[in-house]
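As stored in coords-v5.txt (compact mmCIF, C-alpha atoms):
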```
# COMPACT_ATOMS: atom_id res chain seq x y z
CA MET W 1 24.57 -11.85 7.44
CA ARG W 2 24.41 -13.42 4.00
CA ASN W 3 23.96 -16.85 5.52
CA ALA W 4 20.99 -15.52 7.51
CA ILE W 5 19.34 -14.21 4.34
CA ALA W 6 19.91 -17.53 2.56
CA LEU W 7 18.49 -19.46 5.51
CA TRP W 8 15.34 -17.38 5.76
CA SER W 9 14.88 -17.39 1.98
CA GLY W 10 14.68 -21.17 2.07
CA LEU W 11 12.40 -21.03 5.09
CA GLY W 12 10.16 -18.54 3.29
CA ALA W 13 9.62 -20.99 0.44
CA LEU W 14 8.69 -23.73 2.90
CA LEU W 15 6.26 -21.49 4.80
CA GLY W 16 4.53 -20.45 1.58
CA PHE W 17 5.44 -16.76 1.25
CA PRO W 18 3.55 -15.17 -1.67
CA LEU W 19 5.27 -15.47 -5.03
CA SER W 20 2.61 -14.78 -7.63
CA GLY W 21 -1.03 -13.79 -7.89
CA ASN W 22 -4.16 -14.21 -9.98
CA GLY W 23 -3.81 -13.03 -13.57
CA GLY W 24 -5.93 -10.11 -14.68
CA ASP W 25 -6.97 -8.79 -11.26
CA TRP W 26 -5.60 -6.23 -8.82
CA PRO W 27 -7.84 -6.98 -5.83
CA ARG W 28 -6.05 -4.94 -3.18
CA PHE W 29 -3.75 -1.98 -2.56
CA LEU W 30 -0.41 -3.75 -3.11
CA GLY W 31 -1.62 -5.98 -5.91
CA PRO W 32 -2.35 -9.69 -6.20
CA SER W 33 0.76 -10.74 -4.22
CA HIS W 34 0.88 -7.92 -1.64
CA ASN W 35 4.20 -6.69 -3.06
CA ALA W 36 3.36 -4.40 -6.02
CA LYS W 37 4.26 -7.07 -8.60
CA ALA W 38 2.13 -7.04 -11.72
CA ASP W 39 0.92 -10.33 -13.12
CA PRO W 40 3.30 -11.46 -15.91
CA ALA W 41 0.41 -11.72 -18.38
CA ASP W 42 -0.44 -8.05 -17.77
CA ALA W 43 3.15 -6.81 -17.78
CA GLN W 44 4.21 -8.56 -20.99
CA GLY W 45 4.65 -6.01 -23.75
CA PHE W 46 3.56 -3.19 -21.48
CA TRP W 47 3.85 0.31 -22.91
CA PRO W 48 4.38 -0.46 -26.60
CA GLU W 49 6.24 1.88 -28.91
CA GLY W 50 2.94 3.28 -30.12
CA GLY W 51 2.22 4.54 -26.62
CA LEU W 52 -0.66 4.20 -24.19
CA ARG W 53 -4.18 4.85 -25.44
CA LYS W 54 -6.57 6.62 -23.09
CA LYS W 55 -9.77 4.58 -23.03
CA TRP W 56 -11.89 6.48 -20.47
CA GLU W 57 -11.74 8.64 -17.37
CA PHE W 58 -13.93 8.70 -14.29
CA PRO W 59 -14.26 11.89 -12.20
CA LYS W 60 -13.73 11.32 -8.51
CA GLY W 61 -13.87 13.22 -5.25
CA LYS W 62 -11.29 13.58 -2.51
CA GLY W 63 -8.91 10.89 -1.40
CA TRP W 64 -5.86 8.84 -2.29
CA ALA W 65 -7.33 5.33 -2.41
CA CYS W 66 -5.91 2.88 -4.95
CA PRO W 67 -8.54 1.34 -7.26
CA ALA W 68 -9.18 -2.38 -6.98
CA VAL W 69 -9.91 -4.46 -10.08
CA ALA W 70 -11.84 -7.73 -10.19
CA GLY W 71 -12.71 -9.01 -13.64
CA ASN W 72 -14.63 -6.28 -15.44
CA LYS W 73 -15.24 -4.29 -12.26
CA VAL W 74 -13.12 -1.36 -11.02
CA LEU W 75 -13.76 -0.23 -7.44
CA VAL W 76 -13.18 3.47 -6.71
CA PHE W 77 -13.29 4.69 -3.09
CA HIS W 78 -13.50 8.46 -2.57
CA ARG W 79 -15.27 11.29 -0.76
CA MET W 80 -17.93 13.78 -1.85
CA GLU W 81 -18.80 16.42 0.76
CA THR W 82 -19.72 14.50 3.95
CA ARG W 83 -20.06 11.07 2.35
CA GLU W 84 -17.58 8.34 1.53
CA ILE W 85 -18.51 6.62 -1.72
CA LEU W 86 -17.64 3.27 -3.23
CA ASP W 87 -18.26 3.31 -6.98
CA CYS W 88 -18.17 0.19 -9.10
CA VAL W 89 -17.13 1.07 -12.66
CA GLU W 90 -17.12 -1.13 -15.74
CA ALA W 91 -13.52 -1.73 -16.81
CA GLU W 92 -14.41 -1.79 -20.49
CA SER W 93 -16.36 1.47 -20.66
CA GLY W 94 -15.87 3.44 -17.43
CA LYS W 95 -19.63 3.47 -16.85
CA THR W 96 -20.94 3.27 -13.30
CA LEU W 97 -22.46 -0.11 -12.50
CA TRP W 98 -23.47 0.74 -8.91
CA SER W 99 -22.62 3.08 -6.04
CA TYR W 100 -22.68 2.68 -2.29
CA ALA W 101 -22.40 5.78 -0.07
CA TYR W 102 -22.63 6.54 3.64
CA GLU W 103 -22.27 9.54 5.92
CA ALA W 104 -18.78 9.86 7.42
CA PRO W 105 -18.26 13.27 9.08
CA TYR W 106 -14.56 14.07 9.35
CA ARG W 107 -12.32 17.12 9.36
CA ASP W 108 -8.56 16.83 9.09
CA ARG W 109 -6.92 18.89 11.81
CA TYR W 110 -3.88 19.59 9.61
CA GLY W 111 -5.95 20.72 6.63
CA SER W 112 -4.43 18.03 4.42
CA GLY W 113 -7.70 16.66 3.08
CA ASP W 114 -10.56 14.57 4.39
CA GLY W 115 -10.71 11.85 1.72
CA PRO W 116 -10.00 8.16 2.39
CA ARG W 117 -6.37 7.05 2.63
CA SER W 118 -7.07 3.31 2.51
CA SER W 119 -8.10 1.28 -0.54
CA PRO W 120 -10.88 -1.19 -1.37
CA VAL W 121 -10.18 -4.89 -0.95
CA VAL W 122 -11.99 -7.49 -3.07
CA GLU W 123 -12.29 -11.04 -1.78
CA GLY W 124 -14.73 -13.37 -3.52
CA GLU W 125 -18.06 -11.59 -3.94
CA CYS W 126 -17.30 -9.01 -1.23
CA VAL W 127 -15.67 -5.58 -1.19
CA TYR W 128 -14.27 -4.20 2.07
CA VAL W 129 -13.56 -0.51 2.69
CA PHE W 130 -12.17 1.19 5.79
CA GLY W 131 -12.80 4.94 5.81
CA VAL W 132 -10.92 7.89 7.25
CA SER W 133 -13.33 8.15 10.21
CA GLY W 134 -12.92 4.49 11.18
CA LEU W 135 -16.05 2.96 9.60
CA LEU W 136 -15.59 -0.52 8.14
CA HIS W 137 -18.06 -1.74 5.49
CA CYS W 138 -18.57 -5.00 3.62
CA VAL W 139 -20.47 -4.56 0.34
CA ASP W 140 -21.69 -7.11 -2.20
CA LEU W 141 -19.49 -6.90 -5.30
CA ARG W 142 -22.37 -7.94 -7.54
CA ASN W 143 -24.86 -5.21 -6.69
CA GLY W 144 -23.41 -2.77 -4.12
CA LYS W 145 -25.73 -3.87 -1.33
CA LEU W 146 -24.48 -3.57 2.25
CA ILE W 147 -23.65 -6.92 3.87
CA TRP W 148 -22.40 -5.62 7.23
CA GLU W 149 -20.78 -2.58 8.84
CA ARG W 150 -18.76 -1.78 11.94
CA ASP W 151 -17.86 1.48 13.66
CA VAL W 152 -14.37 0.24 14.46
CA ALA W 153 -13.20 3.61 15.78
CA LYS W 154 -15.97 3.59 18.38
CA ASP W 155 -15.83 -0.11 19.25
CA MET W 156 -12.04 -0.15 19.66
CA GLU W 157 -11.80 3.37 21.10
CA MET W 158 -9.28 4.27 18.43
CA LYS W 159 -7.07 7.33 18.60
CA ARG W 160 -7.53 9.50 15.52
CA ASN W 161 -3.80 10.15 15.12
CA PHE W 162 -2.50 12.78 12.70
CA PHE W 163 -4.74 12.25 9.64
CA GLY W 164 -7.64 10.07 10.72
CA PHE W 165 -7.38 6.40 9.79
CA GLY W 166 -5.75 5.14 6.62
CA SER W 167 -4.49 1.56 6.84
CA THR W 168 -5.91 -0.76 4.17
CA PRO W 169 -7.35 -3.95 5.72
CA LEU W 170 -5.90 -7.38 5.03
CA VAL W 171 -8.46 -10.06 4.16
CA MET W 172 -6.98 -13.46 4.94
CA ASP W 173 -8.58 -16.85 5.60
CA GLY W 174 -11.99 -15.45 6.48
CA ARG W 175 -10.60 -12.62 8.59
CA VAL W 176 -10.57 -8.87 7.96
CA ILE W 177 -7.45 -7.64 9.77
CA VAL W 178 -7.29 -3.92 10.55
CA GLN W 179 -4.78 -1.68 12.28
CA VAL W 180 -6.73 -0.11 15.13
CA GLY W 181 -4.42 1.45 17.72
CA GLY W 182 -7.27 1.62 20.22
CA SER W 183 -7.47 1.73 24.00
CA GLN W 184 -6.07 -1.02 26.23
CA ASN W 185 -3.06 -1.44 23.91
CA ARG W 186 -5.20 -2.65 21.02
CA CYS W 187 -2.89 -2.82 18.00
CA LEU W 188 -4.47 -5.03 15.30
CA ALA W 189 -7.96 -6.50 15.26
CA ALA W 190 -9.56 -9.25 13.19
CA PHE W 191 -13.24 -9.39 12.24
CA SER W 192 -15.17 -12.15 10.54
CA ALA W 193 -15.20 -11.55 6.79
CA ALA W 194 -18.69 -13.06 6.66
CA ASP W 195 -20.50 -11.02 9.31
CA GLY W 196 -18.06 -8.55 10.90
CA LYS W 197 -18.02 -10.13 14.35
CA ASP W 198 -14.93 -9.86 16.57
CA LEU W 199 -12.40 -12.67 16.18
CA TRP W 200 -9.27 -11.47 17.98
CA VAL W 201 -7.28 -8.43 19.09
CA SER W 202 -3.48 -8.11 19.12
CA SER W 203 -2.23 -6.32 22.19
CA HIS W 204 0.85 -4.09 21.88
CA GLU W 205 1.64 -0.68 23.29
CA TRP W 206 2.85 0.66 19.92
CA GLY W 207 -0.72 1.01 18.67
CA GLY W 208 -1.73 1.45 15.04
CA SER W 209 -0.33 3.35 12.06
CA TYR W 210 -1.10 4.16 8.41
CA ALA W 211 0.86 1.22 6.98
CA SER W 212 -1.16 -1.73 5.71
CA PRO W 213 -0.63 -5.20 7.22
CA VAL W 214 0.58 -7.92 4.84
CA PRO W 215 0.78 -11.73 5.09
CA ALA W 216 4.06 -13.46 5.85
CA GLY W 217 3.29 -16.93 4.60
CA LYS W 218 0.09 -18.65 5.65
CA GLN W 219 0.71 -18.45 9.38
CA PHE W 220 1.76 -14.88 10.13
CA VAL W 221 0.84 -11.26 9.49
CA VAL W 222 3.41 -8.48 9.70
CA ALA W 223 2.55 -4.85 10.33
CA PHE W 224 4.56 -1.64 10.65
CA VAL W 225 2.89 0.06 13.59
CA GLY W 226 3.22 3.19 15.73
CA GLY W 227 0.92 6.19 15.80
CA GLU W 228 0.82 9.55 17.51
CA SER W 229 2.61 9.31 20.85
CA ARG W 230 5.05 11.24 23.00
CA PRO W 231 7.70 9.97 23.05
CA PRO W 232 7.19 8.37 19.62
CA THR W 233 7.23 4.57 19.63
CA GLY W 234 6.66 1.95 16.98
CA GLY W 235 8.16 -0.73 14.79
CA VAL W 236 7.49 -4.04 13.08
CA VAL W 237 5.32 -6.71 14.70
CA CYS W 238 4.68 -10.26 13.54
CA VAL W 239 1.42 -11.78 14.76
CA ASP W 240 -0.20 -15.19 14.50
CA ALA W 241 -2.89 -14.92 11.82
CA SER W 242 -5.24 -17.33 13.60
CA SER W 243 -5.06 -15.86 17.13
CA GLY W 244 -3.53 -12.40 16.92
CA ALA W 245 -0.81 -13.32 19.39
CA VAL W 246 2.32 -11.20 18.92
CA ARG W 247 5.20 -13.53 18.03
CA GLY W 248 7.89 -11.01 17.17
CA GLU W 249 8.69 -7.30 17.35
CA LYS W 250 11.50 -4.95 16.37
CA ALA W 251 11.53 -1.24 17.21
CA HIS W 252 11.75 1.16 14.24
CA ARG W 253 10.58 4.74 14.67
CA ALA W 254 11.92 8.27 14.28
CA THR W 255 12.69 10.32 17.37
CA ILE W 256 10.38 13.23 16.53
CA ALA W 257 6.75 13.06 17.64
CA GLU W 258 5.40 14.32 14.30
CA SER W 259 6.76 11.29 12.43
CA VAL W 260 4.48 8.51 11.26
CA ASN W 261 4.91 4.88 10.17
CA ALA W 262 3.09 4.80 6.84
CA ALA W 263 5.01 2.76 4.23
CA SER W 264 3.71 -0.81 4.26
CA PRO W 265 6.16 -3.60 5.11
CA LEU W 266 7.74 -5.48 2.22
CA VAL W 267 7.94 -9.26 2.67
CA PHE W 268 10.32 -11.28 0.51
CA GLY W 269 12.42 -14.40 0.86
CA GLY W 270 11.48 -15.05 4.51
CA SER W 271 12.32 -11.49 5.57
CA VAL W 272 10.52 -8.19 6.07
CA PHE W 273 11.75 -4.69 5.17
CA SER W 274 10.31 -1.57 6.78
CA THR W 275 11.14 2.05 6.07
CA GLU W 276 10.34 5.43 7.56
CA GLY W 277 11.37 9.00 6.79
CA TYR W 278 12.49 11.65 9.25
CA GLY W 279 16.06 10.36 9.26
CA THR W 280 15.27 6.80 10.36
CA GLY W 281 15.79 4.87 7.11
CA GLY W 282 15.23 1.17 6.49
CA LEU W 283 15.32 -2.02 8.55
CA LEU W 284 15.51 -5.63 7.32
CA CYS W 285 14.51 -8.46 9.66
CA ALA W 286 14.48 -12.20 9.11
CA ILE W 287 11.24 -13.92 10.12
CA ARG W 288 12.01 -17.03 12.16
CA ALA W 289 9.88 -20.17 12.03
CA ASP W 290 8.19 -19.18 15.31
CA GLY W 291 7.39 -15.65 14.08
CA SER W 292 10.11 -13.90 16.03
CA LEU W 293 12.12 -11.24 14.19
CA GLU W 294 15.90 -11.16 13.85
CA GLU W 295 17.51 -7.90 12.74
CA VAL W 296 19.74 -8.37 9.69
CA TRP W 297 20.67 -4.78 8.83
CA ARG W 298 19.67 -1.14 9.09
CA SER W 299 20.38 1.62 6.60
CA PRO W 300 19.82 5.39 6.79
CA LYS W 301 19.95 5.55 2.99
CA LEU W 302 16.32 4.65 2.23
CA GLY W 303 13.79 6.54 4.32
CA SER W 304 10.39 6.53 2.61
CA GLN W 305 7.78 8.79 4.17
CA PHE W 306 4.75 6.78 3.00
CA LEU W 307 5.40 4.98 -0.31
CA THR W 308 6.08 1.23 -0.21
CA PRO W 309 9.33 -0.08 -1.76
CA ILE W 310 9.68 -3.15 -3.96
CA GLU W 311 12.30 -5.92 -4.21
CA ARG W 312 13.74 -7.32 -7.44
CA GLU W 313 17.01 -8.74 -8.69
CA GLY W 314 18.55 -8.67 -5.24
CA LEU W 315 17.75 -4.97 -4.72
CA VAL W 316 15.38 -3.13 -2.43
CA LEU W 317 14.10 -0.13 -4.40
CA GLY W 318 12.31 2.87 -2.94
CA PHE W 319 12.16 6.65 -2.89
CA ASP W 320 14.13 8.33 -0.13
CA GLY W 321 13.14 11.79 1.06
CA GLN W 322 10.32 13.80 2.60
CA ASN W 323 10.25 16.60 0.05
CA GLY W 324 8.97 16.01 -3.46
CA ARG W 325 11.62 18.25 -4.98
CA PHE W 326 14.51 16.56 -3.18
CA SER W 327 13.87 12.83 -3.49
CA ASP W 328 15.87 10.03 -5.05
CA LEU W 329 15.15 6.48 -6.11
CA VAL W 330 17.56 4.44 -3.99
CA ALA W 331 18.73 0.87 -4.55
CA LEU W 332 19.99 -1.12 -1.57
CA ASP W 333 21.63 -4.53 -1.70
CA ALA W 334 18.95 -6.78 -0.19
CA ARG W 335 21.58 -8.96 1.49
CA THR W 336 23.68 -6.29 3.15
CA GLY W 337 21.82 -2.97 3.04
CA GLU W 338 24.67 -1.36 1.08
CA GLU W 339 23.58 1.49 -1.16
CA LYS W 340 24.28 0.50 -4.76
CA TRP W 341 23.06 3.69 -6.43
CA LYS W 342 20.54 6.51 -6.35
CA GLU W 343 18.79 8.36 -9.17
CA SER W 344 16.92 11.70 -9.14
CA PHE W 345 15.60 11.56 -12.76
CA GLY W 346 16.43 15.22 -13.08
CA GLY W 347 14.47 16.20 -9.99
CA ALA W 348 11.09 16.31 -11.74
CA VAL W 349 9.63 13.01 -10.52
CA GLY W 350 9.57 13.66 -6.78
CA ARG W 351 8.54 10.74 -4.61
CA GLY W 352 7.22 7.91 -6.72
CA ASN W 353 5.16 4.74 -6.56
CA LEU W 354 6.77 1.61 -7.98
CA VAL W 355 5.23 -1.39 -9.72
CA ASP W 356 7.38 -4.40 -10.62
CA LEU W 357 6.78 -5.33 -14.28
CA GLY W 358 9.02 -8.39 -14.30
CA GLY W 359 10.94 -8.62 -17.56
CA ALA W 360 9.52 -5.26 -18.71
CA GLY W 361 11.28 -3.45 -15.86
CA VAL W 362 9.77 -1.15 -13.24
CA LEU W 363 6.94 1.35 -13.58
CA VAL W 364 7.44 4.66 -11.77
CA LEU W 365 4.61 7.13 -11.15
CA GLY W 366 5.94 10.43 -9.83
CA GLU W 367 3.93 12.57 -7.45
CA PHE W 368 3.40 15.35 -10.03
CA GLY W 369 2.01 13.08 -12.75
CA GLU W 370 5.08 11.85 -14.60
CA LEU W 371 5.14 8.19 -15.68
CA LEU W 372 8.33 6.24 -16.45
CA ARG W 373 9.31 2.71 -17.35
CA ILE W 374 12.84 1.92 -16.25
CA LYS W 375 15.22 -1.01 -16.27
CA VAL W 376 17.26 -1.53 -13.11
CA SER W 377 20.37 -3.50 -12.20
CA SER W 378 23.04 -3.33 -9.54
CA GLU W 379 24.74 -0.73 -11.74
CA GLY W 380 21.89 1.79 -11.95
CA ALA W 381 18.59 2.73 -13.57
CA LYS W 382 17.96 3.29 -17.26
CA VAL W 383 14.88 5.18 -18.46
CA GLU W 384 13.19 3.29 -21.31
CA GLN W 385 10.06 5.44 -21.69
CA ARG W 386 8.82 8.62 -20.06
CA ILE W 387 5.69 10.73 -20.37
CA ARG W 388 3.89 13.42 -18.39
CA LEU W 389 0.26 12.45 -17.86
CA TRP W 390 -0.64 15.72 -16.11
CA ASP W 391 0.88 18.41 -13.91
CA ALA W 392 -0.88 18.04 -10.57
CA PRO W 393 0.37 17.55 -6.99
CA GLU W 394 -0.33 14.60 -4.69
CA THR W 395 -0.26 11.93 -7.38
CA TRP W 396 0.49 9.57 -4.51
CA THR W 397 -1.77 6.67 -5.45
CA MET W 398 -0.19 3.47 -6.73
CA PRO W 399 -0.94 2.83 -10.43
CA VAL W 400 -2.83 -0.39 -11.13
CA LEU W 401 -2.05 -2.80 -13.96
CA ALA W 402 -4.81 -5.36 -14.52
CA GLY W 403 -6.50 -7.00 -17.47
CA ARG W 404 -4.08 -5.36 -19.92
CA ARG W 405 -5.17 -1.93 -18.72
CA LEU W 406 -3.42 0.72 -16.64
CA TYR W 407 -5.40 2.77 -14.10
CA VAL W 408 -3.87 6.00 -12.80
CA SER W 409 -5.35 8.37 -10.19
CA GLN W 410 -5.12 12.15 -10.39
CA ASN W 411 -5.95 13.38 -6.89
CA GLU W 412 -5.76 17.18 -7.22
CA ARG W 413 -6.68 19.77 -9.84
CA GLY W 414 -4.04 20.10 -12.55
CA ARG W 415 -2.42 23.27 -13.80
CA ASP W 416 -4.45 22.90 -16.99
CA GLY W 417 -7.70 22.86 -15.01
CA SER W 418 -8.16 19.08 -15.13
CA VAL W 419 -10.10 17.71 -12.16
CA PRO W 420 -9.44 14.69 -9.92
CA ARG W 421 -10.15 11.51 -11.86
CA ILE W 422 -9.26 7.91 -12.58
CA VAL W 423 -7.83 7.49 -16.08
CA CYS W 424 -7.84 4.11 -17.81
CA TYR W 425 -5.22 3.42 -20.51
CA GLU W 426 -5.08 0.44 -22.87
CA PHE W 427 -2.01 -1.02 -24.53
```
As C-alpha cells, how would this structure be written, given the file I've shared?
Amino acid sequence: MRNAIALWSGLGALLGFPLSGNGGDWPRFLGPSHNAKADPADAQGFWPEGGLRKKWEFPKGKGWACPAVAGNKVLVFHRMETREILDCVEAESGKTLWSYAYEAPYRDRYGSGDGPRSSPVVEGECVYVFGVSGLLHCVDLRNGKLIWERDVAKDMEMKRNFFGFGSTPLVMDGRVIVQVGGSQNRCLAAFSAADGKDLWVSSHEWGGSYASPVPAGKQFVVAFVGGESRPPTGGVVCVDASSGAVRGEKAHRATIAESVNAASPLVFGGSVFSTEGYGTGGLLCAIRADGSLEEVWRSPKLGSQFLTPIEREGLVLGFDGQNGRFSDLVALDARTGEEKWKESFGGAVGRGNLVDLGGAGVLVLGEFGELLRIKVSSEGAKVEQRIRLWDAPETWTMPVLAGRRLYVSQNERGRDGSVPRIVCYEF
C-alpha cells in the first residue's frame, strides 16, 4: 500500500498535478490550486496578535456561494427574490462596481433555501456562474456585460435532484466543465469558454452530483458523481479533459436513497480522496498513467456530508458527521487510512470548512460562525487562536484568503439580528 502511494506520488509530479497557485487571488471555490491551500504570501503572518480588523461588509441575499477574488475585484453570487445576482465589489472599499442579474425561478422542494450552491469562477477577463436552476452564464469581469449564456438544465435534460443544481464548474484549457447528470447517461459536459458551444459529453450511468470537478494534472479531470436514484449509485470518475472519455471509475456511495455526493474530490500526490456521509466514509484511489483508478484504502472514520477535506503533513483532514452538534475534525494517515486522532473543539464548532495556511497552520470556520487557527500534527490539533464572528447557522461557505484579506460569508440571520453578508477582514 505504501509503495503504491510512493509510486503515484512520483507519477503525480511528472503529470503536473497542481502544487501552488497565483499569489493574491482566489479565483474559484477551492482556491488557486483547487485544494483549499492559501497562497504563502497571503498566509504569512495571518491573524496577528492584534487580531483581525473588519474593513467592510456587503449585505447579500440567499445562497452559500464562495466569493471569488481577482485583483481588486470580489465576485459575490447570491439570490434576491426570483433573480440570481452576480455582484462585483471593490476589495479595498466594499463598494459595488457592477451587477449582473437574471430571472431564475426555483423553489426547493425540501424547503432548504433557493439560493445558489455553486460559486463564481474567474478565468482571464471572464466570470462563469452556474445557478441553482441550471443556467450557465459567462460575464465580462471588466464591466459585468453578458458574453454568453446556456440553459444547461434544458439542453442536457438534467434531473433536478434533491436541491437543484450546485456543482461549481471547472474552467480548464478553454473548456467550462460542468456536472450535468442529464438524460442518456450524461454525466459531465464541457462547453467552450469563449462562446458556450458544446465540446463534449461524458457518458456514465451515475449521473451528476453537487461535488465540484477538479483537475488531476493537465490530462484528466476527476469528479465525485451520483445524484438522486433508487437504488443509489455513484462514485469517483476520471475523464480525459480533452475528449470527456471516462478512463477510470470507482464506486463510492451510501446505501440510502436520500444520500448525496457533495464533498469535492481532493487530489494530491497522484491520488484522489473522496468522502461521503451516511456511514460511507472515505476512499483513496491512486490515479494511474492511463486515468484508471486503483483503490488504495477505505475508511469509515471520515464521512463528510458536503465539506471538502484538505491534505497536509501526511494527513487527510476533514469533519466527520452529519449533525452540526456531533461532528469531529478527523485526521487520517494519508498512506494507510488509519485514524490518527479526532477533535471536537468542545462541540461548539460543528462541521467546519478548512483552509491550509502552510506554516501558519490550518484555518477552521465552524458552521455557527466560530473561527479558529490550529496547528496539526500526527499527534493532534492545537488551537492557536479562536474567535466567534457571529452566532448564525449555515455558515457553510469556505472562507477566502486573498490579497492579505479574509472574506467570510454569513448566510443566515444571526441571533443578534445581523443579516446575511460578506465580511472583509484585514490583517
Checklist entry - Which polymer residues, protein or nucleic acid, are no farther than 12 Å from (-12.5, 4.1, 20.5), counting all atoms listed in the file, as number ranges by chain? => result W: 133-135, 151-161, 180-186
Those residues you just picked out, can you put them in a file as a compact mmCIF listing (two decimals), in the frame of the given file with C-alpha atoms?
```txt
# COMPACT_ATOMS: atom_id res chain seq x y z
CA SER W 133 -13.33 8.15 10.21
CA GLY W 134 -12.92 4.49 11.18
CA LEU W 135 -16.05 2.96 9.60
CA ASP W 151 -17.86 1.48 13.66
CA VAL W 152 -14.37 0.24 14.46
CA ALA W 153 -13.20 3.61 15.78
CA LYS W 154 -15.97 3.59 18.38
CA ASP W 155 -15.83 -0.11 19.25
CA MET W 156 -12.04 -0.15 19.66
CA GLU W 157 -11.80 3.37 21.10
CA MET W 158 -9.28 4.27 18.43
CA LYS W 159 -7.07 7.33 18.60
CA ARG W 160 -7.53 9.50 15.52
CA ASN W 161 -3.80 10.15 15.12
CA VAL W 180 -6.73 -0.11 15.13
CA GLY W 181 -4.42 1.45 17.72
CA GLY W 182 -7.27 1.62 20.22
CA SER W 183 -7.47 1.73 24.00
CA GLN W 184 -6.07 -1.02 26.23
CA ASN W 185 -3.06 -1.44 23.91
CA ARG W 186 -5.20 -2.65 21.02
```
Please tabulate, as CSV, the residues of region 85-204 of chain W that come within 12 Å of region 34-45 of chain W, each with its closest pair of atoms and the distance in Å to one decimal, counting only C-alpha atoms and ordering rows by chain, then residue number upward.
```
residue,atom,partner,partner_atom,distance
W:Val121,CA,W:His34,CA,11.5
W:Thr168,CA,W:His34,CA,11.5
W:Pro169,CA,W:His34,CA,11.7
W:Leu170,CA,W:His34,CA,9.5
W:Val171,CA,W:His34,CA,11.2
W:Met172,CA,W:His34,CA,11.7
```
Residues of region 19-77 of chain W that approach region 212-219 of chain W to 12 Å or less, counting only C-alpha atoms: could you list each one with the shortest pair of atoms and its distance in Å to one decimal, rows by chain and increasing residue number, as a Markdown table?
```
| residue | atom | partner | partner_atom | distance |
| --- | --- | --- | --- | --- |
| W:Leu19 | CA | W:Gly217 | CA | 9.9 |
| W:Arg28 | CA | W:Ser212 | CA | 10.6 |
| W:Phe29 | CA | W:Ser212 | CA | 8.7 |
| W:Leu30 | CA | W:Val214 | CA | 9.0 |
| W:Gly31 | CA | W:Val214 | CA | 11.1 |
| W:Pro32 | CA | W:Val214 | CA | 11.6 |
| W:Ser33 | CA | W:Pro215 | CA | 9.4 |
| W:His34 | CA | W:Val214 | CA | 6.5 |
| W:Asn35 | CA | W:Val214 | CA | 8.8 |
| W:Ala36 | CA | W:Val214 | CA | 11.7 |
```
Item to check | Point-to-point distance from CA of Val237 (chain W) to CA of Val296 (chain W), Å rounded to tenths | outcome: 15.4 Å
Checklist outcome for this item: re CA of Gly174 (chain W) and CA of Pro67 (chain W): distance 22.0 Å
For the point (15.1, 19.3, -6.4) in file coordinates, what residues are within 9 Å, counting all atoms listed in the file? Give the answer as a short mmCIF file (atom, residue, chain, number, x, y, z; two decimals) with C-alpha atoms, in the frame of the given file?
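For reference, out_18.cif as written:
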```
data_model
loop_
_atom_site.label_atom_id
_atom_site.label_comp_id
_atom_site.auth_asym_id
_atom_site.auth_seq_id
_atom_site.Cartn_x
_atom_site.Cartn_y
_atom_site.Cartn_z
CA ASN W 323 10.25 16.60 0.05
CA GLY W 324 8.97 16.01 -3.46
CA ARG W 325 11.62 18.25 -4.98
CA PHE W 326 14.51 16.56 -3.18
CA SER W 327 13.87 12.83 -3.49
CA SER W 344 16.92 11.70 -9.14
CA GLY W 346 16.43 15.22 -13.08
CA GLY W 347 14.47 16.20 -9.99
CA ALA W 348 11.09 16.31 -11.74
CA GLY W 350 9.57 13.66 -6.78
#
```
Next on the checklist: Between CA of Leu406 (chain W) and CA of Tyr210 (chain W), what distance in Å does the model show, to one decimal?
Outcome noted: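 Calculated distance between CA of Leu406 (chain W) and CA of Tyr210 (chain W) is 25.4 Å.
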Item to check | W:Arg298, W:Arg230, W:Arg247, W:Arg335 ranked by distance to Val316 (chain W), top pick (using all atoms listed in the file) | outcome: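 Result for the nearest residue to Val316 (chain W): W:Arg335.
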Checklist entry - Between W:Val127, W:Pro232, W:Ser93, W:Met80, which is the closest to Glu57 (chain W) once you count all atoms listed in the file? => result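 Comparing W:Val127, W:Pro232, W:Ser93, W:Met80 against Glu57 (chain W), the winner is W:Ser93.
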Checklist outcome for this item: Closest of W:Leu389, W:Val362, W:Ile147, W:Leu317 to Asp416 (chain W), counting only C-alpha atoms, is W:Leu389
Write out as an mmCIF file with C-alpha atoms, keeping the file's coordinate frame which residues come within 7 Å of Arg53 (chain W) when counting only C-alpha atoms, dropping same-chain ones fewer than 6 positions away.
```
data_model
loop_
_atom_site.group_PDB
_atom_site.id
_atom_site.type_symbol
_atom_site.label_atom_id
_atom_site.label_comp_id
_atom_site.auth_asym_id
_atom_site.auth_seq_id
_atom_site.Cartn_x
_atom_site.Cartn_y
_atom_site.Cartn_z
ATOM 1 C CA TYR W 425 -5.220 3.420 -20.510
ATOM 2 C CA GLU W 426 -5.080 0.440 -22.870
ATOM 3 C CA PHE W 427 -2.010 -1.020 -24.530
#
```
Next on the checklist: List as an MDAnalysis selection string the protein and nucleic acid residues near Pro231 (chain W), meaning an atom at most 8 Å away when only C-alpha atoms are counted, but skip any in the same chain fewer than 6 places from it.
Outcome noted: chainID W and resid 255:257
Checklist entry - Which residue gives the smallest distance to Asp333 (chain W) among W:Ser409, W:Ser118, W:Asn143, W:Ser378, with all atoms listed in the file counted? => result W:Ser378
Any chance you could turn region 206-221 of chain W into a file with C-alpha atoms, as a PDB file, in the first residue's frame?
```pdb
ATOM      1  CA  TRP W 206     -24.030   7.522 -12.241  1.00  0.00           C
ATOM      2  CA  GLY W 207     -25.113  10.979 -13.410  1.00  0.00           C
ATOM      3  CA  GLY W 208     -24.217  14.239 -11.692  1.00  0.00           C
ATOM      4  CA  SER W 209     -23.875  15.389  -8.087  1.00  0.00           C
ATOM      5  CA  TYR W 210     -23.179  18.508  -6.000  1.00  0.00           C
ATOM      6  CA  ALA W 211     -19.412  17.963  -5.791  1.00  0.00           C
ATOM      7  CA  SER W 212     -17.235  20.159  -7.993  1.00  0.00           C
ATOM      8  CA  PRO W 213     -14.912  18.570 -10.581  1.00  0.00           C
ATOM      9  CA  VAL W 214     -11.185  19.223 -10.140  1.00  0.00           C
ATOM     10  CA  PRO W 215      -8.149  18.732 -12.404  1.00  0.00           C
ATOM     11  CA  ALA W 216      -5.836  15.766 -11.949  1.00  0.00           C
ATOM     12  CA  GLY W 217      -2.771  17.031 -13.735  1.00  0.00           C
ATOM     13  CA  LYS W 218      -3.081  18.527 -17.202  1.00  0.00           C
ATOM     14  CA  GLN W 219      -4.685  15.500 -18.820  1.00  0.00           C
ATOM     15  CA  PHE W 220      -7.505  14.385 -16.532  1.00  0.00           C
ATOM     16  CA  VAL W 221     -10.489  15.658 -14.570  1.00  0.00           C
TER      17      VAL W 221
END
```
